[in-house]
Amino acid sequence: MYPTTSSKPIWFTVVAMLLLTVAVYVADPRGSLTTARMKLHNVLSPGRLVVAAISHKSNQGGDATPAENSLSGAAALQNALLENELQRRQLVIENARLRNELRTARSQTGAQTIVGRSLVNFVTTRAKVLSRTGTPSRLREMFLEAGQQAGLKRSDVIVEGHGMLVDQGSGSGVQEDQPVISGLAVVGRVASVSRWVSVVQPVTDDEFSAAVQLVQQGSQTSNYAARGMLEGSGDGFCRIVGVPYTAAVAIGDEVFSADIDGIQGPRLYFGKVVKAEFSAGGEWSISVQPAFHRDGLNEVLVVQAKLNSSVKAKQ
């Protein structure tokens, strides 16, 4: 059979494109028209012709034009690439943190192998939050009544203060100035103690202070930076004082404890630097967003330093 009159345009188009392809290859033995050759290859590729035909039918059935479909696909691809980049950065930060912890753990393991067990251990006592604003009058009456029955003095059962009231006291080994945490985030310290309960002074209180050290997160590593004193500012934030202007400080630096009651111990987390400016006194003016949230806080841990039991047994 011979092609009908209606099919002549198709045959003419195919023959014309084949002749154009041969002409390009003959006229460009050195590859100077590589771009044109690639375009012809893409057009004549059977797979691309099928895809183009399907796409053409799909466009005929919908309202979107080819240009609109192309823009939509490009936007979706750009969003996917951005999401992948954000995930990659998060993985880099997490990897740096884990490597730093692994390096610290290895160094501690090596030290323990040489000198034996640690002389001082840090343990925690779990405590429930009874009140966020001191001792309620009803609890005060209950403590006084129970104390009288047990033959205790008023000072043994009543604790003064306006911080959080927790249900652990001197009977559980809780003492003043011991750190109080939620997870690894520092909530505050024990301000006053009675037999059964204690008052916790939050880190935001204007009388709170603790030795801290900044930790800067790099793309591959975490570096310990300047030391200073963290103080409560009384407005829901904290500030760090005593950091000279020559030290490197940046917004986003993490704030960890430098010690616990003057003893080198586990690094407890205070929060993140949200403001850092030079002050007139030649020091940094640093504002810190605390890591803990008082609202909804129902349980805390009191951190206690205790002598190793094996050491006490040898004595």
# chains A, B, ... in the order shown; residues from 1 in each chain; ligands from 1

call {"tool": "residues_around", "arguments": {"residues": "stretch 300-306 of chain A", "least_positions_apart": "3", "cutoff": "9 Å", "atoms": "only C-alpha atoms", "output": "JSON, numbers by chain"}}
result
{"A": [119, 120, 121, 122, 123, 124, 125, 126, 127, 128, 129, 166, 168, 173, 174, 175, 178, 179, 180, 181, 182, 183, 187, 189, 190, 260, 261, 263, 265, 297, 309]}

call {"tool": "write_last_selection", "arguments": {"atoms": "C-alpha atoms", "output": "PDB file, in the first residue's frame"}}
result
ATOM      1  CA  LEU A 119      35.805   8.686  93.143  1.00  0.00           C
ATOM      2  CA  VAL A 120      32.590  10.742  92.853  1.00  0.00           C
ATOM      3  CA  ASN A 121      29.416   9.579  91.149  1.00  0.00           C
ATOM      4  CA  PHE A 122      26.447  11.724  90.151  1.00  0.00           C
ATOM      5  CA  VAL A 123      23.037  10.227  90.830  1.00  0.00           C
ATOM      6  CA  THR A 124      19.524  11.636  90.499  1.00  0.00           C
ATOM      7  CA  THR A 125      16.469  11.578  92.732  1.00  0.00           C
ATOM      8  CA  ARG A 126      13.107  11.783  91.002  1.00  0.00           C
ATOM      9  CA  ALA A 127      10.691  14.360  92.426  1.00  0.00           C
ATOM     10  CA  LYS A 128       7.151  15.417  91.539  1.00  0.00           C
ATOM     11  CA  VAL A 129       6.234  19.079  91.275  1.00  0.00           C
ATOM     12  CA  VAL A 166       8.800  19.302  94.959  1.00  0.00           C
ATOM     13  CA  GLN A 168      11.581  15.262  98.016  1.00  0.00           C
ATOM     14  CA  GLY A 173      19.273  13.164 100.774  1.00  0.00           C
ATOM     15  CA  VAL A 174      18.272  16.379  99.002  1.00  0.00           C
ATOM     16  CA  GLN A 175      20.386  19.383 100.041  1.00  0.00           C
ATOM     17  CA  GLN A 178      21.878  20.803  94.279  1.00  0.00           C
ATOM     18  CA  PRO A 179      21.005  21.173  90.554  1.00  0.00           C
ATOM     19  CA  VAL A 180      17.499  20.284  89.394  1.00  0.00           C
ATOM     20  CA  ILE A 181      17.017  19.098  85.818  1.00  0.00           C
ATOM     21  CA  SER A 182      14.366  17.910  83.389  1.00  0.00           C
ATOM     22  CA  GLY A 183      15.997  15.488  80.974  1.00  0.00           C
ATOM     23  CA  VAL A 187      15.505  23.791  85.659  1.00  0.00           C
ATOM     24  CA  ARG A 189      18.698  24.555  91.998  1.00  0.00           C
ATOM     25  CA  VAL A 190      17.401  23.556  95.413  1.00  0.00           C
ATOM     26  CA  ILE A 260      28.325  20.947  89.344  1.00  0.00           C
ATOM     27  CA  ASP A 261      28.713  22.497  92.799  1.00  0.00           C
ATOM     28  CA  ILE A 263      32.951  19.546  90.902  1.00  0.00           C
ATOM     29  CA  GLY A 265      30.805  16.405  86.282  1.00  0.00           C
ATOM     30  CA  LEU A 297       6.484  20.552  84.085  1.00  0.00           C
ATOM     31  CA  SER A 309      30.485   3.096  97.626  1.00  0.00           C
TER      32      SER A 309
END

call {"tool": "residues_around", "arguments": {"residues": "stretch 227-234 of chain A", "least_positions_apart": "5", "cutoff": "12 Å", "atoms": "only C-alpha atoms", "output": "JSON, numbers by chain"}}
result
{"A": [186, 187, 188, 189, 201, 202, 203, 204, 205, 206, 207, 208, 209, 210, 211, 212, 213, 214, 215, 239, 240, 241, 242, 243, 244, 247, 248, 249, 254, 255, 256, 257, 258, 259, 269, 270, 271, 272, 273, 283, 284, 285, 286, 287, 288, 289, 290]}

call {"tool": "closest_residue", "arguments": {"among": "A:Ala74, A:Leu307, A:Ala191, A:Val197", "to": "A:Leu165", "atoms": "only C-alpha atoms"}}
result
A:Val197

call {"tool": "select_by_dssp", "arguments": {"residues": "stretch 77-236 of chain A", "states": "strand (DSSP E or B)", "output": "PyMOL selection string"}}
result
chain A and resi 120-131+164-166+179-182+185-193+198-202+209-217+222-232

call {"tool": "select_by_dssp", "arguments": {"residues": "stretch 135-286 of chain A", "states": "helix (DSSP H, G or I)", "output": "MDAnalysis selection string"}}
result
chainID A and resid 137:149 154:157 170:172

call {"tool": "residues_around", "arguments": {"residues": "stretch 130-139 of chain A", "least_positions_apart": "4", "cutoff": "8 Å", "atoms": "only C-alpha atoms", "output": "short mmCIF file (atom, residue, chain, number, x, y, z; two decimals) with N, CA and C atoms, in the first residue's frame"}}
result
data_model
loop_
_atom_site.label_atom_id
_atom_site.label_comp_id
_atom_site.auth_asym_id
_atom_site.auth_seq_id
_atom_site.Cartn_x
_atom_site.Cartn_y
_atom_site.Cartn_z
N PHE A 143 1.36 19.59 106.52
CA PHE A 143 2.72 19.35 107.01
C PHE A 143 2.81 19.59 108.52
N VAL A 159 8.87 24.69 104.66
CA VAL A 159 9.95 25.24 103.86
C VAL A 159 9.48 26.56 103.25
N GLU A 160 10.36 27.56 103.28
CA GLU A 160 10.01 28.88 102.77
C GLU A 160 10.59 29.07 101.37
N GLY A 161 9.94 29.92 100.59
CA GLY A 161 10.42 30.22 99.24
C GLY A 161 9.28 30.36 98.27
N HIS A 162 9.56 30.96 97.10
CA HIS A 162 8.51 31.22 96.11
C HIS A 162 8.73 30.46 94.82
N GLY A 163 9.67 29.51 94.80
CA GLY A 163 9.90 28.72 93.59
C GLY A 163 8.98 27.51 93.52
N MET A 164 9.40 26.52 92.77
CA MET A 164 8.61 25.30 92.63
C MET A 164 8.78 24.41 93.86
N LEU A 165 7.69 23.84 94.33
CA LEU A 165 7.72 22.94 95.48
C LEU A 165 7.71 21.51 94.96
N VAL A 166 8.70 20.70 95.38
CA VAL A 166 8.80 19.30 94.96
C VAL A 166 8.71 18.39 96.17
N ASP A 167 8.33 17.14 95.93
CA ASP A 167 8.01 16.23 97.03
C ASP A 167 9.20 15.39 97.51
N VAL A 199 12.10 23.54 97.94
CA VAL A 199 11.76 24.61 97.02
C VAL A 199 12.88 24.75 96.00
N ASN A 298 5.83 18.54 85.30
CA ASN A 298 5.23 17.78 86.40
C ASN A 298 6.24 16.97 87.20
#

call {"tool": "closest_residue", "arguments": {"among": "A:Asp295, A:Glu141, A:Glu277, A:Asp177", "to": "A:Val193", "atoms": "only C-alpha atoms"}}
result
A:Asp177

call {"tool": "closest_residue", "arguments": {"among": "A:Ala291, A:Gly252, A:Gly236, A:Thr221", "to": "A:Leu98", "atoms": "only C-alpha atoms"}}
result
A:Thr221
